[in-house]
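Structure file work35.pdb (PDB, C-alpha atoms) is printed below.
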```
ATOM      1  CA  MET A   1      -5.426  -6.463 -13.834
ATOM      2  CA  ILE A   2      -3.796  -8.207 -16.801
ATOM      3  CA  HIS A   3      -4.697  -6.691 -20.169
ATOM      4  CA  PRO A   4      -6.653  -8.751 -22.740
ATOM      5  CA  ASN A   5      -3.836  -9.656 -25.182
ATOM      6  CA  VAL A   6      -0.910 -11.929 -24.254
ATOM      7  CA  PHE A   7       2.110 -13.067 -26.270
ATOM      8  CA  HIS A   8       2.702 -16.815 -25.872
ATOM      9  CA  ASN A   9       5.717 -18.415 -27.597
ATOM     10  CA  ASP A  10       5.213 -17.183 -31.157
ATOM     11  CA  ALA A  11       1.752 -15.618 -31.263
ATOM     12  CA  LEU A  12      -0.246 -12.753 -29.833
ATOM     13  CA  LEU A  13      -3.471 -14.202 -28.428
ATOM     14  CA  PRO A  14      -6.539 -13.105 -26.490
ATOM     15  CA  ILE A  15      -5.861 -14.077 -22.888
ATOM     16  CA  GLU A  16      -8.741 -16.589 -22.838
ATOM     17  CA  LYS A  17      -7.074 -18.571 -25.646
ATOM     18  CA  VAL A  18      -3.677 -18.918 -23.976
ATOM     19  CA  ARG A  19      -3.224 -22.538 -22.887
ATOM     20  CA  LEU A  20      -0.642 -23.730 -20.362
ATOM     21  CA  SER A  21      -0.546 -27.488 -19.865
ATOM     22  CA  PRO A  22      -0.346 -29.229 -16.471
ATOM     23  CA  GLY A  23       2.319 -31.382 -18.129
ATOM     24  CA  GLN A  24       4.660 -28.402 -18.363
ATOM     25  CA  ALA A  25       7.091 -29.309 -15.601
ATOM     26  CA  GLY A  26       8.669 -25.869 -15.532
ATOM     27  CA  LEU A  27       5.294 -24.301 -14.851
ATOM     28  CA  ILE A  28       4.270 -26.765 -12.140
ATOM     29  CA  CYS A  29       7.683 -26.900 -10.456
ATOM     30  CA  GLY A  30       8.430 -23.202 -10.814
ATOM     31  CA  TRP A  31      11.521 -23.626 -12.986
ATOM     32  CA  GLY A  32      11.423 -20.260 -14.640
ATOM     33  CA  ILE A  33      12.489 -16.636 -14.418
ATOM     34  CA  PHE A  34      10.794 -13.312 -15.074
ATOM     35  CA  THR A  35      11.211  -9.572 -15.085
ATOM     36  CA  THR A  36       8.779  -6.680 -14.736
ATOM     37  CA  LEU A  37       9.257  -3.585 -16.899
ATOM     38  CA  ARG A  38       7.821  -0.088 -16.688
ATOM     39  CA  ILE A  39       5.963   1.179 -19.762
ATOM     40  CA  SER A  40       6.206   4.929 -20.295
ATOM     41  CA  ARG A  41       4.693   6.677 -23.326
ATOM     42  CA  GLY A  42       4.299   3.255 -24.895
ATOM     43  CA  GLU A  43       8.003   2.412 -24.548
ATOM     44  CA  ALA A  44       9.580  -0.351 -22.434
ATOM     45  CA  PHE A  45      11.885   1.532 -20.094
ATOM     46  CA  ALA A  46      15.409   0.172 -19.482
ATOM     47  CA  TYR A  47      14.708  -2.968 -21.523
ATOM     48  CA  GLU A  48      18.420  -3.624 -22.048
ATOM     49  CA  ARG A  49      19.090  -3.759 -18.309
ATOM     50  CA  HIS A  50      16.169  -6.112 -17.737
ATOM     51  CA  TRP A  51      17.326  -8.436 -20.504
ATOM     52  CA  ARG A  52      20.890  -8.565 -19.175
ATOM     53  CA  ARG A  53      19.525  -9.613 -15.784
ATOM     54  CA  LEU A  54      17.318 -12.260 -17.412
ATOM     55  CA  GLU A  55      20.356 -13.695 -19.179
ATOM     56  CA  LYS A  56      22.325 -13.697 -15.926
ATOM     57  CA  ASP A  57      19.470 -15.367 -14.028
ATOM     58  CA  ALA A  58      19.069 -17.936 -16.810
ATOM     59  CA  GLY A  59      22.709 -18.939 -16.439
ATOM     60  CA  ILE A  60      22.492 -19.288 -12.664
ATOM     61  CA  THR A  61      19.221 -21.254 -12.752
ATOM     62  CA  ARG A  62      20.457 -23.474 -15.628
ATOM     63  CA  LEU A  63      17.605 -22.350 -17.835
ATOM     64  CA  PRO A  64      18.299 -22.508 -21.610
ATOM     65  CA  MET A  65      17.935 -19.182 -23.427
ATOM     66  CA  PRO A  66      16.616 -19.860 -26.954
ATOM     67  CA  TYR A  67      15.371 -16.278 -27.396
ATOM     68  CA  THR A  68      17.228 -13.107 -28.352
ATOM     69  CA  ALA A  69      16.894  -9.658 -26.822
ATOM     70  CA  ALA A  70      15.898  -8.102 -30.158
ATOM     71  CA  LYS A  71      13.182 -10.675 -30.936
ATOM     72  CA  VAL A  72      11.615 -10.519 -27.472
ATOM     73  CA  ARG A  73      11.636  -6.727 -27.613
ATOM     74  CA  VAL A  74       9.592  -6.899 -30.824
ATOM     75  CA  ASN A  75       7.177  -9.356 -29.163
ATOM     76  CA  LEU A  76       6.903  -7.094 -26.112
ATOM     77  CA  HIS A  77       5.964  -4.119 -28.251
ATOM     78  CA  GLU A  78       3.335  -6.223 -30.024
ATOM     79  CA  VAL A  79       1.721  -6.651 -26.611
ATOM     80  CA  ILE A  80       2.049  -2.940 -25.800
ATOM     81  CA  ARG A  81       0.434  -1.922 -29.092
ATOM     82  CA  ALA A  82      -2.328  -4.533 -28.955
ATOM     83  CA  ASN A  83      -3.284  -3.492 -25.434
ATOM     84  CA  GLN A  84      -2.836   0.218 -26.208
ATOM     85  CA  VAL A  85      -0.605   0.723 -23.185
ATOM     86  CA  THR A  86       0.679   4.256 -22.714
ATOM     87  CA  GLU A  87       1.536   4.068 -19.022
ATOM     88  CA  GLY A  88       1.700   0.709 -17.282
ATOM     89  CA  CYS A  89       3.940  -2.268 -16.776
ATOM     90  CA  ALA A  90       4.732  -5.536 -18.540
ATOM     91  CA  ARG A  91       6.092  -8.872 -17.441
ATOM     92  CA  ILE A  92       8.267 -11.323 -19.387
ATOM     93  CA  TYR A  93       8.322 -14.960 -18.256
ATOM     94  CA  LEU A  94      10.666 -17.707 -19.449
ATOM     95  CA  VAL A  95       9.544 -21.159 -18.253
ATOM     96  CA  TYR A  96      11.723 -24.269 -18.742
ATOM     97  CA  ASN A  97       9.618 -27.254 -19.777
ATOM     98  CA  THR A  98      11.790 -30.124 -21.054
ATOM     99  CA  VAL A  99      12.268 -31.665 -17.626
ATOM    100  CA  GLY A 100      10.568 -34.565 -15.851
ATOM    101  CA  VAL A 101       8.735 -37.690 -17.014
ATOM    102  CA  LEU A 102       5.633 -35.900 -18.297
ATOM    103  CA  ALA A 103       7.690 -33.659 -20.549
ATOM    104  CA  LYS A 104       9.503 -36.639 -22.062
ATOM    105  CA  ARG A 105       6.196 -38.255 -22.958
ATOM    106  CA  ARG A 106       4.851 -35.196 -24.746
ATOM    107  CA  LYS A 107       5.648 -34.397 -28.363
ATOM    108  CA  ASN A 108       6.421 -30.963 -29.776
ATOM    109  CA  ILE A 109       6.793 -29.403 -26.358
ATOM    110  CA  ARG A 110       8.522 -26.066 -26.227
ATOM    111  CA  ARG A 111      11.920 -26.237 -24.573
ATOM    112  CA  VAL A 112      11.274 -22.854 -22.956
ATOM    113  CA  ASP A 113       7.908 -21.116 -22.937
ATOM    114  CA  LEU A 114       7.840 -17.356 -23.515
ATOM    115  CA  ILE A 115       4.943 -15.455 -21.941
ATOM    116  CA  ILE A 116       4.555 -11.671 -22.128
ATOM    117  CA  TYR A 117       1.665  -9.670 -20.730
ATOM    118  CA  SER A 118       0.925  -6.106 -19.679
ATOM    119  CA  ALA A 119      -1.085  -4.495 -16.902
ATOM    120  CA  GLY A 120      -1.814  -1.157 -15.300
ATOM    121  CA  LEU A 121       0.450   0.331 -12.651
ATOM    122  CA  PRO A 122      -0.382  -0.726  -9.082
ATOM    123  CA  GLU A 123      -1.835   1.845  -6.740
ATOM    124  CA  HIS A 124       0.236   2.797  -3.697
ATOM    125  CA  ARG A 125       0.354   5.352  -0.916
ATOM    126  CA  GLU A 126       2.733   8.309  -1.074
ATOM    127  CA  VAL A 127       4.188   7.267   2.287
ATOM    128  CA  VAL A 128       4.178   3.573   3.202
ATOM    129  CA  ARG A 129       4.292   1.480   6.380
ATOM    130  CA  LEU A 130       6.607  -1.528   6.524
ATOM    131  CA  ALA A 131       6.416  -4.652   8.647
ATOM    132  CA  MET A 132       9.511  -6.779   9.325
ATOM    133  CA  ARG A 133      10.122 -10.525   9.083
ATOM    134  CA  GLU A 134      13.106 -12.614  10.158
ATOM    135  CA  HIS A 135      14.611 -15.233   7.816
ATOM    136  CA  GLY A 136      12.825 -13.752   4.814
ATOM    137  CA  ARG A 137      15.898 -14.177   2.615
ATOM    138  CA  HIS A 138      18.625 -16.801   2.616
ATOM    139  CA  ALA A 139      21.715 -14.892   1.484
ATOM    140  CA  ALA A 140      23.903 -18.002   1.251
ATOM    141  CA  SER A 141      21.634 -19.641  -1.334
ATOM    142  CA  PRO A 142      22.879 -19.535  -4.949
ATOM    143  CA  MET A 143      19.300 -18.585  -5.879
ATOM    144  CA  ALA A 144      19.323 -15.480  -3.669
ATOM    145  CA  GLY A 145      18.574 -12.330  -5.627
ATOM    146  CA  ARG A 146      17.092 -14.172  -8.599
ATOM    147  CA  LYS A 147      13.651 -13.318  -9.997
ATOM    148  CA  LYS A 148      12.364 -16.887 -10.075
ATOM    149  CA  ALA A 149       8.894 -17.953 -11.175
ATOM    150  CA  SER A 150       8.383 -19.617  -7.778
ATOM    151  CA  PRO A 151       8.868 -17.057  -4.976
ATOM    152  CA  GLY A 152       6.238 -19.009  -3.033
ATOM    153  CA  SER A 153       5.710 -18.516   0.667
ATOM    154  CA  THR A 154       8.935 -16.529   1.131
ATOM    155  CA  MET A 155       7.250 -13.643  -0.682
ATOM    156  CA  PHE A 156       3.466 -14.002  -0.590
ATOM    157  CA  GLY A 157       3.178 -15.333   2.953
ATOM    158  CA  PRO A 158       4.901 -12.391   4.689
ATOM    159  CA  PHE A 159       3.317  -9.885   2.294
ATOM    160  CA  SER A 160      -0.253 -11.095   2.844
ATOM    161  CA  GLU A 161       0.310 -11.182   6.611
ATOM    162  CA  ALA A 162       1.654  -7.624   6.556
ATOM    163  CA  VAL A 163      -1.326  -6.353   4.563
ATOM    164  CA  LYS A 164      -3.713  -7.935   7.084
ATOM    165  CA  GLU A 165      -1.816  -6.109   9.830
ATOM    166  CA  GLY A 166      -2.181  -2.763   8.035
ATOM    167  CA  SER A 167       1.283  -2.518   6.471
ATOM    168  CA  ASP A 168       2.058  -1.939   2.795
ATOM    169  CA  GLU A 169       5.278  -3.959   2.453
ATOM    170  CA  VAL A 170       7.668  -6.124   4.456
ATOM    171  CA  VAL A 171      11.354  -5.690   5.264
ATOM    172  CA  MET A 172      12.937  -9.123   4.849
ATOM    173  CA  LEU A 173      15.915 -10.018   7.048
ATOM    174  CA  ASN A 174      18.437 -12.669   6.040
ATOM    175  CA  GLU A 175      19.833 -15.512   8.166
ATOM    176  CA  ARG A 176      22.395 -13.119   9.677
ATOM    177  CA  GLY A 177      19.680 -10.754  10.894
ATOM    178  CA  GLU A 178      20.672  -8.162   8.270
ATOM    179  CA  VAL A 179      18.266  -6.167   6.150
ATOM    180  CA  ALA A 180      18.036  -7.626   2.638
ATOM    181  CA  GLU A 181      15.094  -6.017   0.843
ATOM    182  CA  CYS A 182      11.304  -5.869   0.791
ATOM    183  CA  THR A 183       9.215  -8.572  -0.878
ATOM    184  CA  SER A 184       9.198  -6.662  -4.178
ATOM    185  CA  ALA A 185      11.350  -3.581  -3.608
ATOM    186  CA  ASN A 186      14.875  -2.564  -2.692
ATOM    187  CA  ILE A 187      15.344  -0.446   0.430
ATOM    188  CA  PHE A 188      17.504   2.600   1.200
ATOM    189  CA  ALA A 189      18.316   4.502   4.398
ATOM    190  CA  VAL A 190      19.562   8.103   4.481
ATOM    191  CA  LYS A 191      21.954   8.878   7.309
ATOM    192  CA  ASN A 192      24.339  11.828   7.786
ATOM    193  CA  GLY A 193      23.903  12.940   4.180
ATOM    194  CA  LYS A 194      24.639   9.497   2.695
ATOM    195  CA  ILE A 195      22.338   6.901   1.175
ATOM    196  CA  LEU A 196      22.912   3.369   2.448
ATOM    197  CA  THR A 197      21.528   0.229   0.831
ATOM    198  CA  PRO A 198      22.155  -3.492   1.458
ATOM    199  CA  PRO A 199      24.844  -5.098  -0.735
ATOM    200  CA  LEU A 200      23.943  -7.902  -3.120
ATOM    201  CA  ASN A 201      25.453 -10.480  -0.754
ATOM    202  CA  SER A 202      22.634  -9.659   1.669
ATOM    203  CA  GLY A 203      20.366 -11.724  -0.587
ATOM    204  CA  CYS A 204      18.633  -8.750  -2.206
ATOM    205  CA  LEU A 205      17.633  -8.448  -5.843
ATOM    206  CA  GLU A 206      19.928  -6.535  -8.173
ATOM    207  CA  GLY A 207      17.055  -4.192  -8.973
ATOM    208  CA  VAL A 208      17.080  -2.187 -12.189
ATOM    209  CA  THR A 209      15.780   0.924 -10.429
ATOM    210  CA  ARG A 210      18.342   0.340  -7.656
ATOM    211  CA  GLY A 211      21.165   0.261 -10.202
ATOM    212  CA  ILE A 212      20.031   3.447 -11.917
ATOM    213  CA  LEU A 213      19.726   5.265  -8.590
ATOM    214  CA  MET A 214      23.305   4.326  -7.722
ATOM    215  CA  GLU A 215      24.408   5.946 -10.989
ATOM    216  CA  ILE A 216      22.392   9.165 -10.800
ATOM    217  CA  ALA A 217      22.466   9.888  -7.034
ATOM    218  CA  PRO A 218      25.685  11.984  -7.279
ATOM    219  CA  GLU A 219      23.687  14.434  -9.423
ATOM    220  CA  ALA A 220      21.573  15.088  -6.314
ATOM    221  CA  GLY A 221      24.707  15.731  -4.273
ATOM    222  CA  VAL A 222      24.658  12.400  -2.458
ATOM    223  CA  SER A 223      26.237   8.996  -2.965
ATOM    224  CA  VAL A 224      24.791   5.516  -2.543
ATOM    225  CA  ILE A 225      26.926   3.222  -0.405
ATOM    226  CA  GLU A 226      26.368  -0.529  -0.250
ATOM    227  CA  GLN A 227      26.591  -1.464   3.406
ATOM    228  CA  ALA A 228      25.239  -4.199   5.655
ATOM    229  CA  LEU A 229      22.274  -2.790   7.573
ATOM    230  CA  ARG A 230      20.565  -3.970  10.745
ATOM    231  CA  PRO A 231      16.974  -3.103  11.704
ATOM    232  CA  GLU A 232      18.234  -0.449  14.124
ATOM    233  CA  ASP A 233      19.983   1.313  11.224
ATOM    234  CA  LEU A 234      16.578   1.790   9.622
ATOM    235  CA  TYR A 235      14.906   2.916  12.846
ATOM    236  CA  SER A 236      17.549   5.623  13.428
ATOM    237  CA  ALA A 237      17.763   6.827   9.808
ATOM    238  CA  ASP A 238      17.021  10.413   8.769
ATOM    239  CA  GLU A 239      14.747   8.960   6.104
ATOM    240  CA  VAL A 240      14.015   5.593   4.478
ATOM    241  CA  PHE A 241      12.622   4.874   1.034
ATOM    242  CA  ILE A 242      11.987   1.866  -1.190
ATOM    243  CA  SER A 243      12.288   1.478  -4.963
ATOM    244  CA  SER A 244      10.798  -0.816  -7.577
ATOM    245  CA  THR A 245      10.142  -0.850 -11.311
ATOM    246  CA  ASN A 246       6.440  -0.092 -11.163
ATOM    247  CA  ARG A 247       6.463   2.266  -8.149
ATOM    248  CA  ASN A 248       9.698   4.281  -8.616
ATOM    249  CA  LEU A 249      10.667   5.679  -5.171
ATOM    250  CA  ILE A 250       8.345   5.805  -2.158
ATOM    251  CA  SER A 251       9.065   7.338   1.243
ATOM    252  CA  VAL A 252       8.680   5.142   4.320
ATOM    253  CA  GLY A 253       6.919   6.604   7.362
ATOM    254  CA  GLU A 254       6.965   3.624   9.704
ATOM    255  CA  ILE A 255       8.842   0.323  10.107
ATOM    256  CA  ALA A 256       7.629  -2.299  12.588
ATOM    257  CA  GLY A 257       5.979   0.385  14.689
ATOM    258  CA  ASN A 258       8.985   2.726  14.601
ATOM    259  CA  LYS A 259       8.253   6.158  13.107
ATOM    260  CA  ILE A 260      10.564   7.394  10.348
ATOM    261  CA  PRO A 261      10.807  11.145   9.502
ATOM    262  CA  THR A 262       8.830  12.211   6.425
ATOM    263  CA  PRO A 263       8.661  13.749   3.924
ATOM    264  CA  GLY A 264      12.089  12.627   2.738
ATOM    265  CA  ALA A 265      13.918  15.434   0.957
ATOM    266  CA  VAL A 266      16.528  13.074  -0.523
ATOM    267  CA  CYS A 267      13.820  10.724  -1.771
ATOM    268  CA  GLU A 268      12.006  13.628  -3.427
ATOM    269  CA  ARG A 269      15.182  14.876  -5.163
ATOM    270  CA  LEU A 270      16.026  11.389  -6.398
ATOM    271  CA  ASN A 271      12.470  10.846  -7.611
ATOM    272  CA  ASP A 272      12.721  13.994  -9.725
ATOM    273  CA  LEU A 273      16.072  12.859 -11.118
ATOM    274  CA  PHE A 274      14.729   9.408 -11.846
ATOM    275  CA  ASP A 275      11.684  10.829 -13.662
ATOM    276  CA  ALA A 276      14.037  12.921 -15.793
ATOM    277  CA  TYR A 277      16.157   9.838 -16.534
ATOM    278  CA  VAL A 278      13.065   7.890 -17.647
ATOM    279  CA  ALA A 279      11.863  10.791 -19.806
ATOM    280  CA  GLU A 280      15.254  11.136 -21.511
ATOM    281  CA  TYR A 281      15.492   7.385 -22.175
ATOM    282  CA  VAL A 282      11.984   7.209 -23.640
ATOM    283  CA  SER A 283      12.483  10.315 -25.790
ATOM    284  CA  ARG A 284      15.704   8.841 -27.178
ATOM    285  CA  ARG A 285      14.000   5.524 -27.992
ATOM    286  CA  LEU A 286      10.993   7.193 -29.626
ATOM    287  CA  ALA A 287      13.237   9.437 -31.720
ATOM    288  CA  SER A 288      15.242   6.425 -32.854
ATOM    289  CA  ALA A 289      12.072   4.523 -33.820
ATOM    290  CA  ALA A 290      10.806   7.500 -35.841
ATOM    291  CA  ARG A 291      13.856   7.582 -38.127
TER
END
```

Just give me the structure as structure tokens.
Amino acid sequence: MIHPNVFHNDALLPIEKVRLSPGQAGLICGWGIFTTLRISRGEAFAYERHWRRLEKDAGITRLPMPYTAAKVRVNLHEVIRANQVTEGCARIYLVYNTVGVLAKRRKNIRRVDLIIYSAGLPEHREVVRLAMREHGRHAASPMAGRKKASPGSTMFGPFSEAVKEGSDEVVMLNERGEVAECTSANIFAVKNGKILTPPLNSGCLEGVTRGILMEIAPEAGVSVIEQALRPEDLYSADEVFISSTNRNLISVGEIAGNKIPTPGAVCERLNDLFDAYVAEYVSRRLASAAR
């Protein structure tokens, strides 16, 4: 559930006073981008990485970027403090509005709306079941791998169907029949002592947690290799796990009816390493703020 205080453009407001107009073309048409951040001990984890991806996505989607990383970070921490968030998550939206006839007729419209809110961490099982859907990602699209404000039916349709069927997430295949990602998580398969994950040209998101795992995995004695994966590669894996900002790493016990060995020893080792990475980052940030 979203917390009671939201930052909108240049002010922190109670959520019931935030007003988004139906004349905002970016909102109605979905011309916007976002990122979700983990909040740990009141600090926005890996903010720099999230902002770099926002800037990259803004360039690809032709969305103007009138905000700076430093200013938005201050706004984000206003939200964290106002909502007294110790452990949770936050989302930053940038919505392009100066498009379309309605926008041209309105005066004093923001070129790009900034919306920041926080929420608690979602609940999840320790071991999850995954469904599978064909044509869930279109790898050839220039918008593939972007965190757009309009994921629409490509995300929520398969996810809601999977939940009704008793699954927790969905493995999305691209137009080549390759594994891309889940609706809101990257996916990894462990095979013969190596960790395999789909490359970015599969259509998957360049996840922040994914990137960190690729850096720290050698500390656990394994390496992460980007490699095209087919469904059968997942079914025959020694273990499979998924990663996301607000869920860290979660072992997978079943994919489309195929049982996957659990618990995953590699997943557990990486989870411990990732927790240590988060703790070190947050401690460094808090020490810097205290000076």

Checklist entry - Near segment 236-249 of chain A, within 7 Å and counting all atoms listed in the file, which residues show up once chain neighbours fewer than 4 positions away are dropped, as a ChimeraX atom specification? => result /A:36-38,89,121,184-191,209-210,232,260-262,264,267,271

Next on the checklist: Quick check, in Å to one decimal: how far apart do atom CA of Thr183 of chain A and atom CA of Met132 of chain A lie?
Outcome noted: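 Atom CA of Met132 of chain A lies at a distance of 10.4 Å from atom CA of Thr183 of chain A.
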
Expand the PyMOL selection byres ((chain A and resi 67-81) around 10) into the individual residues it matches in the shown file, reporting them as an mmCIF file with C-alpha atoms, in the coordinates of the input.
```cif
data_model
loop_
_atom_site.group_PDB
_atom_site.id
_atom_site.type_symbol
_atom_site.label_atom_id
_atom_site.label_comp_id
_atom_site.auth_asym_id
_atom_site.auth_seq_id
_atom_site.Cartn_x
_atom_site.Cartn_y
_atom_site.Cartn_z
ATOM 1 C CA HIS A 3 -4.697 -6.691 -20.169
ATOM 2 C CA PRO A 4 -6.653 -8.751 -22.740
ATOM 3 C CA ASN A 5 -3.836 -9.656 -25.182
ATOM 4 C CA VAL A 6 -0.910 -11.929 -24.254
ATOM 5 C CA PHE A 7 2.110 -13.067 -26.270
ATOM 6 C CA HIS A 8 2.702 -16.815 -25.872
ATOM 7 C CA ASN A 9 5.717 -18.415 -27.597
ATOM 8 C CA ASP A 10 5.213 -17.183 -31.157
ATOM 9 C CA ALA A 11 1.752 -15.618 -31.263
ATOM 10 C CA LEU A 12 -0.246 -12.753 -29.833
ATOM 11 C CA LEU A 13 -3.471 -14.202 -28.428
ATOM 12 C CA ILE A 39 5.963 1.179 -19.762
ATOM 13 C CA GLY A 42 4.299 3.255 -24.895
ATOM 14 C CA GLU A 43 8.003 2.412 -24.548
ATOM 15 C CA ALA A 44 9.580 -0.351 -22.434
ATOM 16 C CA TYR A 47 14.708 -2.968 -21.523
ATOM 17 C CA GLU A 48 18.420 -3.624 -22.048
ATOM 18 C CA HIS A 50 16.169 -6.112 -17.737
ATOM 19 C CA TRP A 51 17.326 -8.436 -20.504
ATOM 20 C CA ARG A 52 20.890 -8.565 -19.175
ATOM 21 C CA LEU A 54 17.318 -12.260 -17.412
ATOM 22 C CA GLU A 55 20.356 -13.695 -19.179
ATOM 23 C CA PRO A 64 18.299 -22.508 -21.610
ATOM 24 C CA MET A 65 17.935 -19.182 -23.427
ATOM 25 C CA PRO A 66 16.616 -19.860 -26.954
ATOM 26 C CA ALA A 82 -2.328 -4.533 -28.955
ATOM 27 C CA ASN A 83 -3.284 -3.492 -25.434
ATOM 28 C CA GLN A 84 -2.836 0.218 -26.208
ATOM 29 C CA VAL A 85 -0.605 0.723 -23.185
ATOM 30 C CA THR A 86 0.679 4.256 -22.714
ATOM 31 C CA GLU A 87 1.536 4.068 -19.022
ATOM 32 C CA GLY A 88 1.700 0.709 -17.282
ATOM 33 C CA CYS A 89 3.940 -2.268 -16.776
ATOM 34 C CA ALA A 90 4.732 -5.536 -18.540
ATOM 35 C CA ARG A 91 6.092 -8.872 -17.441
ATOM 36 C CA ILE A 92 8.267 -11.323 -19.387
ATOM 37 C CA LEU A 94 10.666 -17.707 -19.449
ATOM 38 C CA VAL A 112 11.274 -22.854 -22.956
ATOM 39 C CA ASP A 113 7.908 -21.116 -22.937
ATOM 40 C CA LEU A 114 7.840 -17.356 -23.515
ATOM 41 C CA ILE A 115 4.943 -15.455 -21.941
ATOM 42 C CA ILE A 116 4.555 -11.671 -22.128
ATOM 43 C CA TYR A 117 1.665 -9.670 -20.730
ATOM 44 C CA SER A 118 0.925 -6.106 -19.679
ATOM 45 C CA ALA A 119 -1.085 -4.495 -16.902
#
```

Item to check | Two-atom distance - atom CA of Ile109 of chain A, atom CA of Ala58 of chain A (Å) | outcome: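 Distance between the two atoms: 19.3 Å.
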
Next on the checklist: What would the selection look like, as a list in words, if the PyMOL selection byres ((chain A and resi 169) around 7) were run on the coordinates I just shared?
Outcome noted: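 Evaluating the PyMOL selection byres ((chain A and resi 169) around 7) on these coordinates yields Arg129, Leu130, Ala131, Phe159, Ala162, Ser167, Asp168, Val170, Val171, Cys182 and Thr183 of chain A.
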
Next on the checklist: Under the PyMOL selection byres ((chain A and resi 125) around 10), which residues of this model are included? Write them out as a list in words.
Outcome noted: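 On this input, the PyMOL selection byres ((chain A and resi 125) around 10) captures Glu123, His124, Glu126, Val127, Val128, Arg129, Asp168, Arg247, Ile250, Ser251 and Val252 of chain A.
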
Checklist entry - Which one of A:Leu229, A:Val282, A:Ala180, A:Ala149 sits closest to His135 of chain A if you count all atoms listed in the file? => result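 Checking each of A:Leu229, A:Val282, A:Ala180, A:Ala149 against His135 of chain A, counting all atoms listed in the file, the winner is A:Ala180.
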
Checklist entry - Got a sec: who's within 10 Å of Ser141 of chain A, counting all atoms listed in the file, leaving out chain neighbours fewer than 4 positions off, as a ChimeraX atom specification? => result /A:137,145,201,203

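Across the structure, atom CA of Ile225 of chain A and atom CA of Ala256 of chain A are spaced 23.9 Å apart.
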
Next on the checklist: Nearest residue to Glu161 of chain A out of A:Leu286, A:Arg133, A:Pro142, A:Gln227, using only C-alpha atoms?
Outcome noted: A:Arg133

Nearby residues (only C-alpha atoms) at most 10 Å from Glu206 of chain A, same-chain spacing under 6 positions excluded, as a compact mmCIF listing (two decimals) with C-alpha atoms, in the frame of the given file:
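Below is the file part_8.txt, written as the result:
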```
# COMPACT_ATOMS: atom_id res chain seq x y z
CA ARG A 53 19.52 -9.61 -15.78
CA GLY A 145 18.57 -12.33 -5.63
CA ARG A 146 17.09 -14.17 -8.60
CA LYS A 147 13.65 -13.32 -10.00
CA ASN A 186 14.88 -2.56 -2.69
CA PRO A 199 24.84 -5.10 -0.74
CA LEU A 200 23.94 -7.90 -3.12
```

Counting only C-alpha atoms, which residues in segment 165-227 of chain A sit no more than 8 Å from segment 272-281 of chain A? For each one, give the nearest pair of atoms and the distance in Å, sorted by chain then residue number, as JSON lines.
```
{"residue": "A:Ile212", "atom": "CA", "partner": "A:Phe274", "partner_atom": "CA", "distance": 8.0}
{"residue": "A:Leu213", "atom": "CA", "partner": "A:Phe274", "partner_atom": "CA", "distance": 7.3}
{"residue": "A:Ile216", "atom": "CA", "partner": "A:Leu273", "partner_atom": "CA", "distance": 7.3}
{"residue": "A:Glu219", "atom": "CA", "partner": "A:Leu273", "partner_atom": "CA", "distance": 8.0}
{"residue": "A:Ala220", "atom": "CA", "partner": "A:Leu273", "partner_atom": "CA", "distance": 7.6}
```

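In this comparison, which uses all atoms listed in the file, the residue of A:Asp57, A:Glu254, A:Glu178, A:Glu134 approaching Asp233 of chain A most closely is A:Glu178.
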
Item to check | Residue among A:His138, A:Arg285, A:Arg41, A:Lys148 lying closest to Val95 of chain A, counting only C-alpha atoms | outcome: A:Lys148

Checklist entry - For Arg269 of chain A, which residue out of A:Gly193, A:Gly211, A:Gly221, A:Gly30 is the nearest one, using only C-alpha atoms? => result A:Gly221

Checklist entry - Looking at all atoms listed in the file, which of A:Cys204, A:Glu175, A:Gly26, A:Lys259 is the one that sits closest to Leu63 of chain A? => result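 Closest to Leu63 of chain A, using all atoms listed in the file: A:Gly26.
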